[in-house]
$ cat target-v2.cif   # mmCIF, C-alpha atoms
data_final
#
loop_
_atom_site.label_atom_id
_atom_site.label_comp_id
_atom_site.auth_asym_id
_atom_site.auth_seq_id
_atom_site.Cartn_x
_atom_site.Cartn_y
_atom_site.Cartn_z
CA MET A 172 -24.51 -8.96 -24.16
CA ASN A 173 -23.68 -11.69 -26.68
CA PRO A 174 -27.02 -13.20 -27.89
CA HIS A 175 -25.44 -16.63 -28.14
CA GLY A 176 -24.51 -16.71 -24.47
CA LYS A 177 -20.76 -16.72 -25.08
CA ALA A 178 -20.02 -13.41 -23.42
CA PRO A 179 -18.82 -13.63 -19.82
CA ALA A 180 -21.55 -13.05 -17.25
CA SER A 181 -19.14 -11.58 -14.71
CA ASP A 182 -17.17 -8.35 -14.65
CA VAL A 183 -13.88 -9.79 -15.88
CA THR A 184 -11.88 -6.58 -15.28
CA TYR A 185 -13.10 -6.02 -11.74
CA GLY A 186 -10.02 -7.44 -10.03
CA GLU A 187 -7.71 -5.19 -12.02
CA ARG A 188 -9.82 -2.12 -11.27
CA LEU A 189 -9.89 -3.03 -7.60
CA CYS A 190 -6.10 -3.12 -7.28
CA ARG A 191 -4.93 -0.33 -9.57
CA PRO A 192 -4.60 3.31 -8.49
CA PRO A 193 -7.52 5.49 -9.62
CA LEU A 194 -7.21 6.61 -13.23
CA SER A 195 -9.85 9.32 -12.86
CA GLU A 196 -12.24 10.77 -10.32
CA GLU A 197 -14.96 8.33 -11.46
CA ASP A 198 -12.50 5.44 -11.14
CA ARG A 199 -11.96 6.13 -7.41
CA ILE A 200 -15.03 4.04 -6.44
CA SER A 201 -14.83 0.29 -7.01
CA ARG A 202 -18.57 -0.45 -7.03
CA TRP A 203 -21.83 1.31 -6.25
CA ASN A 204 -25.49 1.03 -7.19
CA ALA A 205 -25.63 3.78 -9.83
CA ASP A 206 -22.74 2.31 -11.82
CA THR A 207 -24.04 1.98 -15.39
CA ARG A 208 -21.40 -0.47 -16.59
CA GLY A 209 -22.59 -3.83 -17.84
CA PRO A 210 -25.88 -4.94 -19.45
CA ASP A 211 -29.11 -3.16 -18.51
CA PRO A 212 -30.40 -5.76 -16.00
CA CYS A 213 -27.36 -5.02 -13.82
CA ARG A 214 -28.45 -2.67 -11.02
CA SER A 215 -31.80 -2.17 -12.76
CA GLU A 216 -33.63 -1.32 -9.47
CA GLY A 217 -36.72 -3.32 -10.42
CA LYS A 218 -37.14 -1.70 -13.83
CA VAL A 219 -37.00 -5.07 -15.58
CA VAL A 220 -38.42 -8.45 -14.65
CA ILE A 221 -35.54 -10.93 -14.56
CA LEU A 222 -36.67 -14.54 -14.87
CA ALA A 223 -33.21 -16.10 -14.71
CA THR A 224 -29.56 -15.14 -14.79
CA VAL A 225 -26.49 -17.03 -15.98
CA HIS A 226 -23.17 -16.43 -14.26
CA ASP A 227 -19.59 -17.52 -14.71
CA THR A 228 -18.41 -19.82 -11.95
CA PHE A 229 -15.16 -19.37 -10.11
CA PRO A 230 -12.82 -22.36 -9.89
CA LYS A 231 -12.96 -24.19 -6.60
CA PRO A 232 -9.81 -23.55 -4.54
CA GLN A 233 -7.62 -26.56 -3.85
CA GLN A 234 -7.00 -25.31 -0.33
CA THR A 235 -8.32 -22.49 1.84
CA LYS A 236 -7.16 -20.80 5.02
CA THR A 237 -9.18 -18.42 7.18
CA PHE A 238 -7.72 -15.82 9.53
CA TRP A 239 -8.93 -13.33 12.10
CA ILE A 240 -6.68 -10.27 12.18
CA SER A 241 -6.93 -7.61 14.87
CA THR A 242 -5.17 -4.27 15.24
CA ASP A 243 -5.51 -1.20 17.42
CA SER A 244 -5.14 1.22 14.48
CA PHE A 245 -7.51 1.70 11.56
CA GLN A 246 -4.63 3.10 9.53
CA THR A 247 -2.84 -0.20 10.02
CA ALA A 248 -5.92 -2.01 8.75
CA LEU A 249 -6.00 0.24 5.65
CA ALA A 250 -2.30 -0.40 5.05
CA PHE A 251 -2.88 -4.16 5.35
CA ARG A 252 -5.69 -3.88 2.82
CA LYS A 253 -3.48 -2.05 0.33
CA GLU A 254 -0.17 -3.86 0.78
CA VAL A 255 -1.40 -7.42 1.38
CA CYS A 256 -4.96 -7.87 0.10
CA LEU A 257 -4.87 -5.64 -2.99
CA ASN A 258 -1.23 -6.07 -3.95
CA ASN A 259 -2.18 -7.54 -7.33
CA ALA A 260 -5.24 -8.94 -9.13
CA GLN A 261 -3.89 -12.49 -9.30
CA ASP A 262 -3.56 -13.00 -5.54
CA LEU A 263 -6.81 -11.46 -4.29
CA PRO A 264 -8.24 -13.05 -1.15
CA LEU A 265 -11.49 -15.00 -1.38
CA SER A 266 -13.02 -12.52 1.04
CA VAL A 267 -11.96 -9.88 3.53
CA GLU A 268 -14.55 -8.42 5.92
CA TYR A 269 -13.86 -5.57 8.32
CA MET A 270 -15.58 -4.98 11.68
CA ASP A 271 -14.92 -2.26 14.23
CA ARG A 272 -15.10 -2.62 18.00
CA ASP A 273 -18.72 -1.45 18.28
CA SER A 274 -19.78 -4.00 15.66
CA PHE A 275 -17.99 -6.76 17.53
CA ASP A 276 -19.55 -5.79 20.85
CA VAL A 277 -23.11 -5.46 19.51
CA VAL A 278 -23.05 -8.77 17.62
CA ASP A 279 -21.51 -10.58 20.59
CA ARG A 280 -24.18 -9.13 22.90
CA ALA A 281 -27.28 -9.29 20.70
CA GLY A 282 -26.62 -11.74 17.86
CA ARG A 283 -25.40 -14.94 19.48
CA LEU A 284 -28.55 -17.04 19.11
CA LEU A 285 -29.14 -16.14 15.47
CA ALA A 286 -25.45 -16.63 14.65
CA ARG A 287 -25.45 -20.06 16.26
CA ILE A 288 -28.56 -21.10 14.30
CA ILE A 289 -26.97 -19.95 11.03
CA GLN A 290 -23.67 -21.65 11.85
CA ASN A 291 -25.44 -24.96 12.52
CA VAL A 292 -27.99 -25.06 9.68
CA GLY A 293 -26.84 -22.44 7.14
CA THR A 294 -28.56 -19.36 5.74
CA SER A 295 -30.69 -21.23 3.18
CA SER A 296 -32.10 -23.83 5.58
CA PRO A 297 -35.91 -24.07 5.93
CA ILE A 298 -35.35 -23.82 9.68
CA VAL A 299 -34.01 -20.29 9.32
CA LYS A 300 -36.88 -19.39 6.98
CA HIS A 301 -39.52 -20.72 9.40
CA PHE A 302 -37.84 -18.99 12.33
CA TRP A 303 -37.82 -15.67 10.48
CA ASN A 304 -41.43 -16.05 9.28
CA LEU A 305 -42.54 -16.78 12.84
CA LYS A 306 -40.77 -13.62 14.03
CA LEU A 307 -42.51 -11.56 11.33
CA TRP A 308 -45.90 -13.09 12.19
CA ILE A 309 -45.52 -12.24 15.87
CA GLU A 310 -44.38 -8.70 15.07
CA ALA A 311 -47.51 -8.19 12.94
CA LEU A 312 -49.96 -9.15 15.73
CA PRO A 313 -52.51 -6.42 16.51
CA PHE A 314 -51.39 -5.24 19.92
CA GLU A 315 -49.09 -2.49 21.11
CA GLY A 316 -45.45 -3.54 21.36
CA ALA A 317 -45.85 -6.64 19.16
CA GLU A 318 -43.20 -5.36 16.74
CA ARG A 319 -40.63 -5.34 19.56
CA ILE A 320 -41.45 -8.45 21.55
CA CYS A 321 -39.22 -10.90 19.66
CA ASP A 322 -36.16 -8.68 19.86
CA ARG A 323 -36.75 -8.08 23.58
CA ILE A 324 -36.79 -11.84 24.12
CA LEU A 325 -33.69 -12.31 21.95
CA TYR A 326 -31.84 -9.57 23.81
CA ASN A 327 -32.48 -11.28 27.15
CA ILE A 328 -31.72 -14.79 25.87
CA ASN A 329 -28.46 -13.97 24.07
CA PRO A 330 -26.25 -13.70 27.20
CA LEU A 331 -27.26 -17.28 28.05
CA VAL A 332 -26.07 -18.56 24.67
CA PRO A 333 -22.36 -19.41 24.36
CA SER A 334 -20.39 -17.32 21.88
CA ILE A 335 -19.78 -19.06 18.55
CA LEU A 336 -16.30 -17.55 18.29
CA PRO A 337 -13.14 -19.43 19.31
CA PRO A 338 -11.89 -18.19 22.71
CA THR A 339 -8.76 -16.65 21.17
CA ILE A 340 -10.78 -14.58 18.69
CA ARG A 341 -13.20 -13.45 21.39
CA ASP A 342 -10.24 -12.30 23.47
CA MET A 343 -8.80 -10.42 20.48
CA GLY A 344 -12.20 -8.83 19.91
CA LYS A 345 -12.15 -7.42 23.43
CA ARG A 346 -8.56 -6.15 23.27
CA PHE A 347 -8.50 -4.50 19.84
CA ASP A 348 -10.67 -1.95 18.05
CA HIS A 349 -10.36 -3.10 14.42
CA HIS A 350 -10.78 -6.58 12.97
CA MET A 351 -10.63 -8.40 9.64
CA ALA A 352 -12.01 -11.84 8.81
CA LEU A 353 -9.92 -13.04 5.87
CA SER A 354 -10.11 -16.14 3.65
CA VAL A 355 -7.36 -17.06 1.18
CA GLY A 356 -7.48 -19.72 -1.54
CA GLU A 357 -4.89 -21.72 -3.45
CA PHE A 358 -5.76 -22.45 -7.10
CA GLY A 359 -2.56 -24.19 -8.16
CA ASN A 360 -0.45 -21.18 -9.09
CA GLY A 361 1.09 -20.35 -5.73
CA GLU A 362 -1.48 -17.68 -4.84
CA MET A 363 -1.74 -18.70 -1.21
CA ASP A 364 2.01 -18.86 -0.61
CA ARG A 365 2.52 -15.40 -2.08
CA PHE A 366 -0.34 -13.98 -0.03
CA LEU A 367 0.90 -15.53 3.22
CA GLU A 368 4.41 -14.25 2.49
CA ARG A 369 3.01 -10.73 2.16
CA MET A 370 1.19 -11.20 5.46
CA ARG A 371 4.43 -12.22 7.19
CA ASP A 372 6.34 -9.33 5.63
CA PHE A 373 3.63 -6.89 6.71
CA GLN A 374 3.76 -8.09 10.30
CA ALA A 375 7.55 -7.81 10.32
CA LYS A 376 7.42 -4.34 8.79
CA HIS A 377 4.84 -3.12 11.30
CA GLY A 378 6.39 -4.87 14.26
CA GLU A 379 6.17 -1.71 16.36
CA ILE A 380 2.41 -1.57 15.77
CA LYS A 381 0.25 -4.03 17.63
CA ILE A 382 -1.34 -6.48 15.22
CA GLU A 383 -2.34 -10.08 15.94
CA THR A 384 -3.35 -12.91 13.63
CA TYR A 385 -5.27 -16.10 14.40
CA GLU A 386 -5.56 -18.93 11.87
CA CYS A 387 -8.76 -20.98 12.12
CA ALA A 388 -7.79 -24.55 12.92
CA LYS A 389 -10.89 -26.24 11.48
CA PRO A 390 -13.82 -25.50 9.13
CA SER A 391 -16.25 -24.95 12.01
CA GLU A 392 -14.14 -22.05 13.25
CA ALA A 393 -14.15 -20.46 9.79
CA ALA A 394 -17.92 -20.93 9.62
CA SER A 395 -18.31 -19.19 12.97
CA LEU A 396 -16.64 -16.05 11.58
CA THR A 397 -19.00 -16.01 8.60
CA ALA A 398 -22.06 -16.41 10.81
CA PHE A 399 -20.82 -13.77 13.25
CA ARG A 400 -20.44 -11.20 10.47
CA PHE A 401 -23.70 -12.23 8.77
CA VAL A 402 -25.94 -11.31 11.72
CA ALA A 403 -24.61 -7.76 12.24
CA ALA A 404 -27.73 -5.99 10.92
CA PRO A 405 -30.38 -8.00 12.84
CA ALA A 406 -28.19 -7.87 15.96
CA PHE A 407 -28.24 -4.07 15.72
CA ARG A 408 -32.05 -4.03 15.78
CA THR A 409 -32.11 -6.42 18.74
CA PHE A 410 -29.54 -4.29 20.57
CA CYS A 411 -31.48 -1.05 20.01
CA ILE A 412 -34.77 -2.52 21.21
CA GLY A 413 -33.14 -4.22 24.17
CA GLN A 414 -31.41 -1.00 25.21
CA GLY A 415 -34.37 1.29 24.48
CA LEU A 416 -32.49 3.14 21.74
CA GLN A 417 -33.34 4.37 18.27
CA GLY A 418 -31.10 4.14 15.26
CA TYR A 419 -30.60 4.20 11.53
CA SER A 420 -28.63 2.26 8.94
CA VAL A 421 -26.84 3.43 5.82
CA ASP A 422 -24.55 1.84 3.23
CA TYR A 423 -22.10 3.66 1.00
CA ALA A 424 -18.96 3.24 -1.09
CA LEU A 425 -15.75 5.09 -0.24
CA PRO A 426 -12.82 5.80 -2.59
CA LYS A 427 -10.55 2.79 -2.97
CA ASP A 428 -7.49 4.89 -2.13
CA ASP A 429 -8.89 5.89 1.28
CA GLY A 430 -11.60 4.48 3.54
CA SER A 431 -11.43 6.67 6.65
CA PRO A 432 -14.74 7.03 8.55
CA PRO A 433 -16.84 10.03 7.49
CA PRO A 434 -17.39 12.70 10.14
CA LEU A 435 -20.78 12.72 11.83
CA SER A 436 -21.33 16.38 11.01
CA ASP A 437 -21.29 18.66 8.01
CA GLU A 438 -20.81 22.39 7.71
CA THR A 439 -24.41 22.95 8.91
CA GLU A 440 -23.94 21.09 12.19
CA VAL A 441 -20.86 21.88 14.24
CA GLN A 442 -21.80 19.77 17.27
CA PRO A 443 -23.42 16.54 16.09
CA ALA A 444 -25.26 14.14 18.37
CA ILE A 445 -22.91 11.42 19.60
CA PRO A 446 -24.20 7.88 19.00
CA VAL A 447 -24.26 5.29 21.78
CA LYS A 448 -22.86 2.81 19.27
CA ARG A 449 -21.49 3.40 15.78
CA MET A 450 -21.17 0.05 14.03
CA ARG A 451 -18.94 0.13 10.95
CA TYR A 452 -18.50 -3.10 9.06
CA SER A 453 -17.48 -3.39 5.45
CA HIS A 454 -16.57 -5.50 2.47
CA PHE A 455 -13.07 -4.26 2.95
CA ALA A 456 -11.53 -4.91 -0.47
CA CYS A 457 -14.11 -2.86 -2.38
CA ASN A 458 -14.63 -0.31 0.42
CA VAL A 459 -18.41 -0.79 0.60
CA VAL A 460 -19.33 0.19 4.15
CA HIS A 461 -22.40 -0.52 6.27
CA GLU A 462 -23.05 1.71 9.26
CA ASP A 463 -25.62 1.17 12.01
CA LEU A 464 -25.81 4.04 14.50
CA ALA A 465 -27.74 3.88 17.78
CA TYR A 466 -28.88 7.02 19.63
CA HIS A 467 -30.86 7.93 22.72
CA GLU A 468 -34.55 8.63 22.18
CA ASP A 469 -34.19 12.43 22.38
CA VAL A 470 -31.95 12.67 19.29
CA ASP A 471 -33.27 13.69 15.85
CA VAL A 472 -31.95 10.66 13.96
CA LEU A 473 -33.26 11.89 10.60
CA LYS A 474 -31.12 15.01 10.94
CA ALA A 475 -28.14 12.89 12.01
CA LYS A 476 -28.60 10.58 9.03
CA HIS A 477 -28.73 13.47 6.55
CA ALA A 478 -25.54 14.91 8.06
CA LEU A 479 -23.70 11.60 7.68
CA LYS A 480 -24.90 11.13 4.10
CA HIS A 481 -23.77 14.67 3.26
CA ALA A 482 -20.34 13.96 4.77
CA VAL A 483 -20.00 10.74 2.75
CA GLU A 484 -20.63 12.51 -0.54
CA HIS A 485 -19.05 15.91 0.03
CA THR A 486 -16.28 15.34 2.57
CA CYS A 487 -15.19 11.80 1.63
CA HIS A 488 -16.25 11.91 -2.04
CA GLY A 489 -18.08 8.59 -1.66
CA LYS A 490 -21.29 7.35 -3.25
CA LEU A 491 -24.68 6.39 -1.81
CA PRO A 492 -26.14 3.85 -1.86
CA ALA A 493 -23.63 1.13 -2.55
CA GLU A 494 -25.60 -2.07 -2.08
CA HIS A 495 -29.17 -1.83 -0.81
CA GLY A 496 -30.78 0.05 -3.69
CA HIS A 497 -31.96 3.63 -4.19
CA GLY A 498 -35.60 3.01 -3.38
CA THR A 499 -37.44 6.31 -2.91
CA GLU A 500 -34.89 7.65 -0.40
CA TYR A 501 -31.99 8.33 -2.77
CA VAL A 502 -32.00 10.35 -5.98
CA ALA A 503 -30.01 8.53 -8.65
CA PRO A 504 -27.56 10.30 -10.99
CA PRO A 505 -28.95 11.34 -14.41
CA ALA A 506 -27.12 8.53 -16.27
CA ALA A 507 -28.75 5.86 -14.09
CA GLN A 508 -32.17 7.52 -14.37
CA GLU A 509 -31.95 7.65 -18.17
CA ARG A 510 -30.96 4.01 -18.28
CA TRP A 511 -33.96 2.97 -16.18
CA LYS A 512 -36.30 5.10 -18.30
CA ARG A 513 -34.98 3.41 -21.42
CA MET A 514 -35.63 -0.03 -19.92
CA ASP A 515 -39.14 0.89 -18.73
CA PRO A 516 -40.45 3.70 -20.96
CA LEU A 517 -44.00 3.43 -19.62
CA ASN A 518 -42.90 3.64 -15.95
CA VAL A 519 -44.95 0.62 -14.88
CA SER A 520 -42.16 -1.24 -13.03
CA ASN A 521 -41.16 0.15 -9.64
CA PRO A 522 -42.31 3.74 -10.31
CA GLY A 523 -40.71 6.44 -8.18
CA VAL A 524 -37.39 4.66 -7.75
CA GLY A 525 -34.27 6.82 -7.56
CA GLY A 526 -36.11 10.14 -7.64
CA LEU A 527 -38.04 9.42 -10.87
CA SER A 528 -41.68 10.36 -11.37
CA TYR A 529 -44.43 8.09 -10.10
CA LYS A 530 -46.63 8.94 -13.10
CA PHE A 531 -47.22 7.07 -16.36
CA GLN A 532 -44.43 7.67 -18.86
CA TYR A 533 -42.59 9.74 -16.24
CA LYS A 534 -44.88 12.72 -16.67
CA PRO A 535 -44.18 15.54 -14.17
#

$ encode --input "target-v2.cif" --output "structure tokens"
Amino acid sequence: MNPHGKAPASDVTYGERLCRPPLSEEDRISRWNADTRGPDPCRSEGKVVILATVHDTFPKPQQTKTFWISTDSFQTALAFRKEVCLNNAQDLPLSVEYMDRDSFDVVDRAGRLLARIIQNVGTSSPIVKHFWNLKLWIEALPFEGAERICDRILYNINPLVPSILPPTIRDMGKRFDHHMALSVGEFGNGEMDRFLERMRDFQAKHGEIKIETYECAKPSEAASLTAFRFVAAPAFRTFCIGQGLQGYSVDYALPKDDGSPPPLSDETEVQPAIPVKRMRYSHFACNVVHEDLAYHEDVDVLKAKHALKHAVEHTCHGKLPAEHGHGTEYVAPPAAQERWKRMDPLNVSNPGVGGLSYKFQYKP
């Protein structure tokens, strides 16, 4: 990094890499946690103490539009991603988030109250912080079942809370299996017009395939989509506890030239356990996927999780983890391990991360 602070703080080639066809096997993944590009503090997994960071800012768009797009075919969604969203690096959308039918149903059933709070006060509000701290305090009380009581209450209250989604979007969510929340910006160079033209051309080209688009009419509708997507993970916990289910969560990156769901089994398990709900929601442009899978109590979820992780890496050629850190669950690739050891030669910061030794100076 430039010591005078003149080097860009962002990954200035990311947009180009996102849109271009893979140049190599390593280039197939857009972003993941063991990527060693950039200065050492990037993806350092707690191996350095960062007091402050400086980032480039993006220009503020002159105009924005937000859409909800639904289709009954995941292949259509992938084609939309390739032909419309990632057509070129100059016209990238501001954001494009994918949700499947199970994600929509779980959030609508178990995340309404939290989504409404976030929509009204924002994620950084002290109200949200106090609400969350109160939940954690109750869950830590010394009696059996304390860790579940808040989610049981939330599960029973949520049906009484009106949905934050516009009626048209809620109807689309019930009729289709695949959804995208998309925001487009205009920066003065015709980006929005070109993007919207590609959207119209795509719909005309795929006229025989059912695909519907809804444009948010006001900022509050756009904010409702953001809040709805934001609460997917806590809604999954509330849903599992309310339904008496168990589950697990995993995040991974898939190749940018694919994105199909990994199978639930590997070569060691021909008949995998079938989840009650399989939530798949992703940052669609970069193909970083979050999965939350709910099972009945008699299922070995650890075995199911290992099978899915194996399928991600060996069947789909993806990478784990993509966003939430290696922790002590994932073994990092040698290049990432060597980088962390160089940053923290004494092994005093976050020992044991990514499969490294817990001992001083990484002694075996």

$ resolve_selection --input "target-v2.cif" --expression "the PyMOL selection byres ((chain A and resi 488-490) around 6)" --output "ChimeraX atom specification"
/A:423-425,483-487,491

$ closest_atom_pairs --input "target-v2.cif" --of "stretch 392-470 of chain A" --to "stretch 316-319 of chain A" --cutoff "9 Å" --atoms "all atoms listed in the file" --output "Markdown table"
| residue | atom | partner | partner_atom | distance |
| --- | --- | --- | --- | --- |
| A:Thr409 | CA | A:Arg319 | CA | 8.6 |
| A:Ile412 | CA | A:Arg319 | CA | 6.7 |
| A:Gly413 | CA | A:Arg319 | CA | 8.9 |

$ closest_residue --input "target-v2.cif" --among "A:Ala444, A:Leu285, A:Ala205, A:Ala403" --to "A:Pro333" --atoms "only C-alpha atoms"
A:Leu285

$ resolve_selection --input "target-v2.cif" --expression "the PyMOL selection byres ((chain A and resi 347) around 10)" --output "ChimeraX atom specification"
/A:240-244,271-272,342-346,348-350,381-383

$ resolve_selection --input "target-v2.cif" --expression "the PyMOL selection byres ((chain A and resi 428) around 12)" --output "mmCIF file with C-alpha atoms, keeping the file's coordinate frame"
data_model
loop_
_atom_site.group_PDB
_atom_site.id
_atom_site.type_symbol
_atom_site.label_atom_id
_atom_site.label_comp_id
_atom_site.auth_asym_id
_atom_site.auth_seq_id
_atom_site.Cartn_x
_atom_site.Cartn_y
_atom_site.Cartn_z
ATOM 1 C CA ARG A 188 -9.820 -2.120 -11.270
ATOM 2 C CA LEU A 189 -9.890 -3.030 -7.600
ATOM 3 C CA CYS A 190 -6.100 -3.120 -7.280
ATOM 4 C CA ARG A 191 -4.930 -0.330 -9.570
ATOM 5 C CA PRO A 192 -4.600 3.310 -8.490
ATOM 6 C CA PRO A 193 -7.520 5.490 -9.620
ATOM 7 C CA LEU A 194 -7.210 6.610 -13.230
ATOM 8 C CA SER A 195 -9.850 9.320 -12.860
ATOM 9 C CA GLU A 196 -12.240 10.770 -10.320
ATOM 10 C CA ASP A 198 -12.500 5.440 -11.140
ATOM 11 C CA ARG A 199 -11.960 6.130 -7.410
ATOM 12 C CA ILE A 200 -15.030 4.040 -6.440
ATOM 13 C CA SER A 201 -14.830 0.290 -7.010
ATOM 14 C CA LEU A 249 -6.000 0.240 5.650
ATOM 15 C CA ALA A 250 -2.300 -0.400 5.050
ATOM 16 C CA ARG A 252 -5.690 -3.880 2.820
ATOM 17 C CA LYS A 253 -3.480 -2.050 0.330
ATOM 18 C CA GLU A 254 -0.170 -3.860 0.780
ATOM 19 C CA LEU A 257 -4.870 -5.640 -2.990
ATOM 20 C CA ALA A 424 -18.960 3.240 -1.090
ATOM 21 C CA LEU A 425 -15.750 5.090 -0.240
ATOM 22 C CA PRO A 426 -12.820 5.800 -2.590
ATOM 23 C CA LYS A 427 -10.550 2.790 -2.970
ATOM 24 C CA ASP A 429 -8.890 5.890 1.280
ATOM 25 C CA GLY A 430 -11.600 4.480 3.540
ATOM 26 C CA SER A 431 -11.430 6.670 6.650
ATOM 27 C CA PHE A 455 -13.070 -4.260 2.950
ATOM 28 C CA ALA A 456 -11.530 -4.910 -0.470
ATOM 29 C CA CYS A 457 -14.110 -2.860 -2.380
ATOM 30 C CA ASN A 458 -14.630 -0.310 0.420
ATOM 31 C CA CYS A 487 -15.190 11.800 1.630
ATOM 32 C CA HIS A 488 -16.250 11.910 -2.040
ATOM 33 C CA GLY A 489 -18.080 8.590 -1.660
#

$ residues_around --input "target-v2.cif" --residues "A:Phe229" --least-positions-apart "3" --cutoff "12 Å" --atoms "all atoms listed in the file" --output "list in words"
Pro179, Ala180, Ser181, Val183, His226, Pro232, Leu265, Gly356 and Phe358 of chain A

$ atom_distance --input "target-v2.cif" --atom1 "atom CA of A:Arg513" --atom2 "atom CA of A:Ala223"
20.7 Å

$ axis_aligned_box --input "target-v2.cif" --around "stretch 504-511 of chain A" --padding-each-side "8 Å" --output "AutoDock Vina command-line options"
--center_x -30.5 --center_y 7.2 --center_z -14.6 --size_x 22.8 --size_y 24.4 --size_z 23.3

$ decode --input "target-v2.cif" --residues "stretch 505-516 of chain A" --atoms "N, CA and C atoms" --output "PDB file, in the first residue's frame"
ATOM      1  N   PRO A 505      -2.933 -23.086   2.103  1.00  0.00           N
ATOM      2  CA  PRO A 505      -1.575 -22.760   2.567  1.00  0.00           C
ATOM      3  C   PRO A 505      -1.181 -21.299   2.349  1.00  0.00           C
ATOM      4  N   ALA A 506      -1.567 -20.700   1.214  1.00  0.00           N
ATOM      5  CA  ALA A 506      -1.172 -19.311   0.943  1.00  0.00           C
ATOM      6  C   ALA A 506      -1.752 -18.364   1.980  1.00  0.00           C
ATOM      7  N   ALA A 507      -3.006 -18.578   2.372  1.00  0.00           N
ATOM      8  CA  ALA A 507      -3.626 -17.729   3.390  1.00  0.00           C
ATOM      9  C   ALA A 507      -2.984 -17.969   4.751  1.00  0.00           C
ATOM     10  N   GLN A 508      -2.699 -19.222   5.081  1.00  0.00           N
ATOM     11  CA  GLN A 508      -2.053 -19.532   6.358  1.00  0.00           C
ATOM     12  C   GLN A 508      -0.690 -18.858   6.465  1.00  0.00           C
ATOM     13  N   GLU A 509       0.100 -18.939   5.396  1.00  0.00           N
ATOM     14  CA  GLU A 509       1.433 -18.324   5.409  1.00  0.00           C
ATOM     15  C   GLU A 509       1.337 -16.811   5.556  1.00  0.00           C
ATOM     16  N   ARG A 510       0.347 -16.232   4.958  1.00  0.00           N
ATOM     17  CA  ARG A 510       0.157 -14.787   5.065  1.00  0.00           C
ATOM     18  C   ARG A 510      -0.147 -14.395   6.509  1.00  0.00           C
ATOM     19  N   TRP A 511      -1.044 -15.143   7.152  1.00  0.00           N
ATOM     20  CA  TRP A 511      -1.390 -14.841   8.545  1.00  0.00           C
ATOM     21  C   TRP A 511      -0.189 -15.044   9.466  1.00  0.00           C
ATOM     22  N   LYS A 512       0.594 -16.081   9.209  1.00  0.00           N
ATOM     23  CA  LYS A 512       1.773 -16.342  10.042  1.00  0.00           C
ATOM     24  C   LYS A 512       2.807 -15.227   9.878  1.00  0.00           C
ATOM     25  N   ARG A 513       2.883 -14.667   8.699  1.00  0.00           N
ATOM     26  CA  ARG A 513       3.805 -13.558   8.477  1.00  0.00           C
ATOM     27  C   ARG A 513       3.335 -12.306   9.221  1.00  0.00           C
ATOM     28  N   MET A 514       2.040 -12.103   9.283  1.00  0.00           N
ATOM     29  CA  MET A 514       1.496 -10.931   9.983  1.00  0.00           C
ATOM     30  C   MET A 514       1.622 -11.063  11.495  1.00  0.00           C
ATOM     31  N   ASP A 515       1.520 -12.303  11.991  1.00  0.00           N
ATOM     32  CA  ASP A 515       1.514 -12.556  13.435  1.00  0.00           C
ATOM     33  C   ASP A 515       2.486 -13.700  13.735  1.00  0.00           C
ATOM     34  N   PRO A 516       3.774 -13.452  13.665  1.00  0.00           N
ATOM     35  CA  PRO A 516       4.757 -14.545  13.801  1.00  0.00           C
ATOM     36  C   PRO A 516       4.752 -15.218  15.171  1.00  0.00           C
TER      37      PRO A 516
END
